[in-house]
$ cat target-v2.cif   # mmCIF, C-alpha atoms
data_query
#
loop_
_atom_site.label_atom_id
_atom_site.label_comp_id
_atom_site.auth_asym_id
_atom_site.auth_seq_id
_atom_site.Cartn_x
_atom_site.Cartn_y
_atom_site.Cartn_z
CA GLN A 3 0.00 0.00 0.00
CA LEU A 4 1.39 3.36 -1.05
CA GLN A 5 1.14 5.92 1.70
CA VAL A 6 2.82 8.70 3.65
CA VAL A 7 2.23 9.20 7.36
CA GLU A 8 2.95 12.36 9.34
CA SER A 9 3.90 12.46 13.00
CA GLY A 10 5.39 14.84 15.53
CA GLY A 11 2.69 17.45 15.96
CA GLY A 12 1.68 18.87 19.30
CA LEU A 13 1.30 21.94 21.46
CA VAL A 14 4.22 24.35 21.69
CA GLN A 15 4.69 27.84 23.08
CA PRO A 16 5.44 30.78 20.79
CA GLY A 17 9.12 30.81 19.93
CA GLY A 18 9.40 27.08 20.39
CA SER A 19 10.31 24.30 17.97
CA LEU A 20 8.83 21.09 16.63
CA ARG A 21 10.02 18.52 14.13
CA LEU A 22 7.48 16.77 11.98
CA SER A 23 8.21 13.50 10.19
CA CYS A 24 6.75 12.16 6.97
CA ALA A 25 7.38 8.43 6.64
CA ALA A 26 6.70 6.77 3.29
CA SER A 27 5.78 3.16 2.71
CA GLY A 28 5.29 1.41 -0.59
CA LEU A 29 7.08 4.14 -2.47
CA ASN A 30 10.74 5.00 -2.77
CA LEU A 31 11.36 8.61 -1.89
CA ASP A 32 14.42 8.61 -4.14
CA TYR A 33 11.92 9.20 -6.96
CA TYR A 34 9.31 11.35 -5.25
CA GLY A 35 9.16 15.01 -4.46
CA ILE A 36 7.65 15.79 -1.06
CA GLY A 37 5.58 18.82 -0.25
CA TRP A 38 4.52 20.09 3.15
CA PHE A 39 1.18 21.85 3.42
CA ARG A 40 -0.91 23.23 6.23
CA GLN A 41 -4.53 24.11 6.76
CA ALA A 42 -5.91 26.34 9.47
CA PRO A 43 -9.63 26.32 10.32
CA GLY A 44 -11.68 28.14 7.70
CA LEU A 45 -8.73 28.62 5.39
CA GLU A 46 -7.46 26.98 2.22
CA ARG A 47 -4.71 24.40 2.42
CA GLU A 48 -1.48 26.23 1.65
CA GLY A 49 1.98 25.14 0.67
CA VAL A 50 4.73 25.46 3.25
CA GLY A 51 7.60 24.11 1.18
CA CYS A 52 8.92 21.15 -0.76
CA ILE A 53 12.02 19.08 -1.36
CA SER A 54 13.12 17.59 -4.65
CA SER A 55 13.94 13.95 -5.27
CA SER A 56 16.83 14.79 -7.58
CA ASP A 57 19.27 16.57 -5.30
CA GLY A 58 17.42 17.40 -2.09
CA SER A 59 16.98 21.06 -3.00
CA THR A 60 14.29 22.87 -1.07
CA TYR A 61 11.80 25.66 -1.52
CA TYR A 62 9.89 27.57 1.16
CA ALA A 63 6.91 29.84 1.27
CA ASP A 64 7.77 33.39 2.32
CA SER A 65 5.79 33.00 5.54
CA VAL A 66 8.16 30.31 6.85
CA LYS A 67 11.43 31.11 5.12
CA GLY A 68 14.28 31.28 7.60
CA ARG A 69 12.29 29.47 10.29
CA PHE A 70 11.40 26.12 8.74
CA THR A 71 13.77 23.57 7.21
CA ILE A 72 12.90 20.51 5.14
CA SER A 73 15.32 17.59 4.97
CA ARG A 74 15.20 13.99 3.89
CA ASP A 75 16.77 10.72 5.01
CA ASN A 76 16.43 8.40 2.07
CA ALA A 77 17.80 5.46 4.05
CA LYS A 78 14.81 5.81 6.37
CA ASN A 79 12.47 6.81 3.54
CA THR A 80 11.49 9.81 5.65
CA VAL A 81 11.25 13.56 5.16
CA TYR A 82 11.37 16.02 8.04
CA LEU A 83 10.00 19.49 8.64
CA GLN A 84 11.96 21.30 11.34
CA MET A 85 9.97 24.27 12.59
CA ASN A 86 11.71 26.91 14.72
CA SER A 87 10.61 30.26 16.10
CA LEU A 88 7.00 29.15 15.90
CA LYS A 89 4.25 31.74 15.94
CA PRO A 90 0.55 31.45 16.81
CA GLU A 91 -0.26 31.93 13.13
CA ASP A 92 1.59 28.69 12.38
CA THR A 93 -1.22 26.81 14.11
CA ALA A 94 -2.73 24.38 11.61
CA VAL A 95 -3.01 20.76 10.58
CA TYR A 96 0.18 19.93 8.71
CA TYR A 97 0.21 17.49 5.83
CA CYS A 98 2.92 15.92 3.75
CA ALA A 99 2.27 14.77 0.21
CA ALA A 100 4.25 12.91 -2.44
CA VAL A 101 4.38 13.24 -6.19
CA TYR A 102 6.39 11.18 -8.64
CA ALA A 103 9.07 13.63 -9.63
CA ASN A 104 12.12 11.68 -10.70
CA GLY A 105 14.66 14.17 -12.03
CA LEU A 106 12.49 17.25 -11.62
CA THR A 107 14.29 20.32 -10.38
CA ILE A 108 13.16 22.26 -7.34
CA ALA A 109 12.25 25.12 -9.66
CA THR A 110 9.68 22.90 -11.34
CA LEU A 111 8.47 21.17 -8.17
CA SER A 112 7.96 24.48 -6.40
CA ARG A 113 5.35 25.41 -9.02
CA PHE A 114 3.25 22.27 -8.40
CA SER A 115 -0.10 22.99 -6.83
CA LYS A 116 -1.56 20.79 -4.13
CA TYR A 117 -3.78 19.18 -6.78
CA GLU A 118 -0.75 17.65 -8.49
CA TYR A 119 0.33 15.63 -5.49
CA ASP A 120 -0.74 11.99 -5.54
CA TYR A 121 -0.34 10.67 -2.01
CA TRP A 122 -1.41 12.49 1.13
CA GLY A 123 -1.03 11.76 4.80
CA GLN A 124 -3.78 12.12 7.37
CA GLY A 125 -2.28 15.28 8.86
CA THR A 126 -0.86 16.17 12.26
CA GLN A 127 -2.06 19.04 14.43
CA VAL A 128 0.39 21.79 15.39
CA THR A 129 -0.84 24.30 17.95
CA VAL A 130 1.27 27.29 18.93
CA SER A 131 -0.11 28.91 22.05
CA SER A 132 0.96 30.15 25.45
#
$ encode --input "target-v2.cif" --output "structure tokens"
Amino acid sequence: QLQVVESGGGLVQPGGSLRLSCAASGLNLDYYGIGWFRQAPGLEREGVGCISSSDGSTYYADSVKGRFTISRDNAKNTVYLQMNSLKPEDTAVYYCAAVYANGLTIATLSRFSKYEYDYWGQGTQVTVSS
């Protein structure tokens, strides 16, 4: 069964950090680009960033640039989202998603909309509050 599963969400104070994991099964992340998305209540699901399969290059939305870092461990078939300096407005359900993207550059992957991703996790709640 092809799937990705997120974990690592929780409650954190403003300024704190969390690391989310996206573990893939049934698909080899060497050939898949991974996107991170988030959805706050009443809002559209928005892209946070993505990482390419080709060379591990990354792209970030302006709202998280400099605070969030995406990395991958292909040996563990897992992608991570390290979130630092968290703000209350980062509160959302966070999703990872995979798209077959063998050889695609980050410039191309960064233009993919959420509708182009094939496999989605169930989401993990991140709440930033004091």
$ atom_distance --input "target-v2.cif" --atom1 "CA of Arg113 (chain A)" --atom2 "CA of Gln127 (chain A)"
25.4 Å
$ residues_near_point --input "target-v2.cif" --point "(0.8, 23.9, 9.5)" --cutoff "8 Å" --atoms "all atoms listed in the file" --output "ChimeraX atom specification"
/A:39-42,50,92-97,127-128
$ write_last_selection --input "target-v2.cif" --atoms "C-alpha atoms" --output "compact mmCIF listing (two decimals), in the coordinates of the input"
# COMPACT_ATOMS: atom_id res chain seq x y z
CA PHE A 39 1.18 21.85 3.42
CA ARG A 40 -0.91 23.23 6.23
CA GLN A 41 -4.53 24.11 6.76
CA ALA A 42 -5.91 26.34 9.47
CA VAL A 50 4.73 25.46 3.25
CA ASP A 92 1.59 28.69 12.38
CA THR A 93 -1.22 26.81 14.11
CA ALA A 94 -2.73 24.38 11.61
CA VAL A 95 -3.01 20.76 10.58
CA TYR A 96 0.18 19.93 8.71
CA TYR A 97 0.21 17.49 5.83
CA GLN A 127 -2.06 19.04 14.43
CA VAL A 128 0.39 21.79 15.39
$ resolve_selection --input "target-v2.cif" --expression "the PyMOL selection byres ((chain A and resi 20) around 12)" --output "NGL selection string"
:A and (9-19 or 21-23 or 69-71 or 82-89 or 92-93 or 96 or 126-130)
$ write_last_selection --input "target-v2.cif" --atoms "C-alpha atoms" --output "PDB file, in the coordinates of the input"
ATOM      1  CA  SER A   9       3.900  12.460  13.000  1.00  0.00           C
ATOM      2  CA  GLY A  10       5.390  14.840  15.530  1.00  0.00           C
ATOM      3  CA  GLY A  11       2.690  17.450  15.960  1.00  0.00           C
ATOM      4  CA  GLY A  12       1.680  18.870  19.300  1.00  0.00           C
ATOM      5  CA  LEU A  13       1.300  21.940  21.460  1.00  0.00           C
ATOM      6  CA  VAL A  14       4.220  24.350  21.690  1.00  0.00           C
ATOM      7  CA  GLN A  15       4.690  27.840  23.080  1.00  0.00           C
ATOM      8  CA  PRO A  16       5.440  30.780  20.790  1.00  0.00           C
ATOM      9  CA  GLY A  17       9.120  30.810  19.930  1.00  0.00           C
ATOM     10  CA  GLY A  18       9.400  27.080  20.390  1.00  0.00           C
ATOM     11  CA  SER A  19      10.310  24.300  17.970  1.00  0.00           C
ATOM     12  CA  ARG A  21      10.020  18.520  14.130  1.00  0.00           C
ATOM     13  CA  LEU A  22       7.480  16.770  11.980  1.00  0.00           C
ATOM     14  CA  SER A  23       8.210  13.500  10.190  1.00  0.00           C
ATOM     15  CA  ARG A  69      12.290  29.470  10.290  1.00  0.00           C
ATOM     16  CA  PHE A  70      11.400  26.120   8.740  1.00  0.00           C
ATOM     17  CA  THR A  71      13.770  23.570   7.210  1.00  0.00           C
ATOM     18  CA  TYR A  82      11.370  16.020   8.040  1.00  0.00           C
ATOM     19  CA  LEU A  83      10.000  19.490   8.640  1.00  0.00           C
ATOM     20  CA  GLN A  84      11.960  21.300  11.340  1.00  0.00           C
ATOM     21  CA  MET A  85       9.970  24.270  12.590  1.00  0.00           C
ATOM     22  CA  ASN A  86      11.710  26.910  14.720  1.00  0.00           C
ATOM     23  CA  SER A  87      10.610  30.260  16.100  1.00  0.00           C
ATOM     24  CA  LEU A  88       7.000  29.150  15.900  1.00  0.00           C
ATOM     25  CA  LYS A  89       4.250  31.740  15.940  1.00  0.00           C
ATOM     26  CA  ASP A  92       1.590  28.690  12.380  1.00  0.00           C
ATOM     27  CA  THR A  93      -1.220  26.810  14.110  1.00  0.00           C
ATOM     28  CA  TYR A  96       0.180  19.930   8.710  1.00  0.00           C
ATOM     29  CA  THR A 126      -0.860  16.170  12.260  1.00  0.00           C
ATOM     30  CA  GLN A 127      -2.060  19.040  14.430  1.00  0.00           C
ATOM     31  CA  VAL A 128       0.390  21.790  15.390  1.00  0.00           C
ATOM     32  CA  THR A 129      -0.840  24.300  17.950  1.00  0.00           C
ATOM     33  CA  VAL A 130       1.270  27.290  18.930  1.00  0.00           C
TER      34      VAL A 130
END
$ atom_distance --input "target-v2.cif" --atom1 "CA of Ser115 (chain A)" --atom2 "CA of Gly49 (chain A)"
8.1 Å
$ resolve_selection --input "target-v2.cif" --expression "the PyMOL selection byres ((chain A and resi 122) around 7)" --output "VMD selection string"
chain A and resid 6 98 to 100 120 to 121 123 to 124
$ closest_atom_pairs --input "target-v2.cif" --of "region 17-88 of chain A" --to "region 106-111 of chain A" --cutoff "10 Å" --atoms "only C-alpha atoms" --output "tab-separated table"
residue	atom	partner	partner_atom	distance
A:Tyr33	CA	A:Leu106	CA	9.3
A:Tyr34	CA	A:Leu106	CA	9.2
A:Gly35	CA	A:Leu111	CA	7.2
A:Ile36	CA	A:Leu111	CA	9.0
A:Gly37	CA	A:Leu111	CA	8.8
A:Gly51	CA	A:Leu111	CA	9.8
A:Cys52	CA	A:Leu111	CA	7.4
A:Ile53	CA	A:Ile108	CA	6.9
A:Ser54	CA	A:Ile108	CA	5.4
A:Ser55	CA	A:Leu106	CA	7.3
A:Ser56	CA	A:Leu106	CA	6.4
A:Asp57	CA	A:Thr107	CA	8.0
A:Gly58	CA	A:Ile108	CA	8.3
A:Ser59	CA	A:Ile108	CA	5.9
A:Thr60	CA	A:Ile108	CA	6.4
A:Tyr61	CA	A:Ile108	CA	6.9
$ residues_around --input "target-v2.cif" --residues "Asn76 (chain A)" --least-positions-apart "5" --cutoff "8 Å" --atoms "all atoms listed in the file" --output "MDAnalysis selection string"
chainID A and resid 31:32 81
$ atom_distance --input "target-v2.cif" --atom1 "CA of Ile72 (chain A)" --atom2 "CA of Ala25 (chain A)"
13.4 Å
$ axis_aligned_box --input "target-v2.cif" --around "region 93-98 of chain A" --padding-each-side "3 Å" --output "AutoDock Vina command-line options"
--center_x 0.0 --center_y 21.4 --center_z 8.9 --size_x 11.9 --size_y 16.9 --size_z 16.4
$ closest_residue --input "target-v2.cif" --among "A:Ala77, A:Val7, A:Leu45, A:Ala63" --to "Asn30 (chain A)" --atoms "all atoms listed in the file"
A:Ala77
$ decode --input "target-v2.cif" --residues "region 52-93 of chain A" --atoms "C-alpha atoms" --output "mmCIF file, in the first residue's frame"
data_model
loop_
_atom_site.group_PDB
_atom_site.id
_atom_site.type_symbol
_atom_site.label_atom_id
_atom_site.label_comp_id
_atom_site.auth_asym_id
_atom_site.auth_seq_id
_atom_site.Cartn_x
_atom_site.Cartn_y
_atom_site.Cartn_z
ATOM 1 C CA CYS A 52 8.918 21.151 -0.763
ATOM 2 C CA ILE A 53 12.020 19.080 -1.363
ATOM 3 C CA SER A 54 13.122 17.588 -4.650
ATOM 4 C CA SER A 55 13.945 13.954 -5.272
ATOM 5 C CA SER A 56 16.834 14.786 -7.581
ATOM 6 C CA ASP A 57 19.273 16.574 -5.296
ATOM 7 C CA GLY A 58 17.418 17.402 -2.091
ATOM 8 C CA SER A 59 16.984 21.060 -2.998
ATOM 9 C CA THR A 60 14.293 22.874 -1.066
ATOM 10 C CA TYR A 61 11.799 25.660 -1.522
ATOM 11 C CA TYR A 62 9.894 27.570 1.157
ATOM 12 C CA ALA A 63 6.915 29.843 1.268
ATOM 13 C CA ASP A 64 7.775 33.388 2.318
ATOM 14 C CA SER A 65 5.787 33.004 5.537
ATOM 15 C CA VAL A 66 8.155 30.307 6.848
ATOM 16 C CA LYS A 67 11.429 31.111 5.118
ATOM 17 C CA GLY A 68 14.283 31.284 7.601
ATOM 18 C CA ARG A 69 12.289 29.473 10.290
ATOM 19 C CA PHE A 70 11.402 26.118 8.739
ATOM 20 C CA THR A 71 13.772 23.566 7.212
ATOM 21 C CA ILE A 72 12.899 20.510 5.139
ATOM 22 C CA SER A 73 15.316 17.594 4.967
ATOM 23 C CA ARG A 74 15.203 13.990 3.888
ATOM 24 C CA ASP A 75 16.771 10.724 5.013
ATOM 25 C CA ASN A 76 16.428 8.396 2.074
ATOM 26 C CA ALA A 77 17.804 5.458 4.046
ATOM 27 C CA LYS A 78 14.813 5.809 6.374
ATOM 28 C CA ASN A 79 12.475 6.815 3.539
ATOM 29 C CA THR A 80 11.495 9.805 5.651
ATOM 30 C CA VAL A 81 11.255 13.561 5.163
ATOM 31 C CA TYR A 82 11.374 16.022 8.043
ATOM 32 C CA LEU A 83 10.002 19.493 8.639
ATOM 33 C CA GLN A 84 11.963 21.301 11.341
ATOM 34 C CA MET A 85 9.975 24.273 12.587
ATOM 35 C CA ASN A 86 11.712 26.907 14.719
ATOM 36 C CA SER A 87 10.609 30.260 16.100
ATOM 37 C CA LEU A 88 7.001 29.147 15.905
ATOM 38 C CA LYS A 89 4.247 31.744 15.937
ATOM 39 C CA PRO A 90 0.555 31.447 16.808
ATOM 40 C CA GLU A 91 -0.259 31.928 13.131
ATOM 41 C CA ASP A 92 1.592 28.686 12.375
ATOM 42 C CA THR A 93 -1.217 26.808 14.115
#
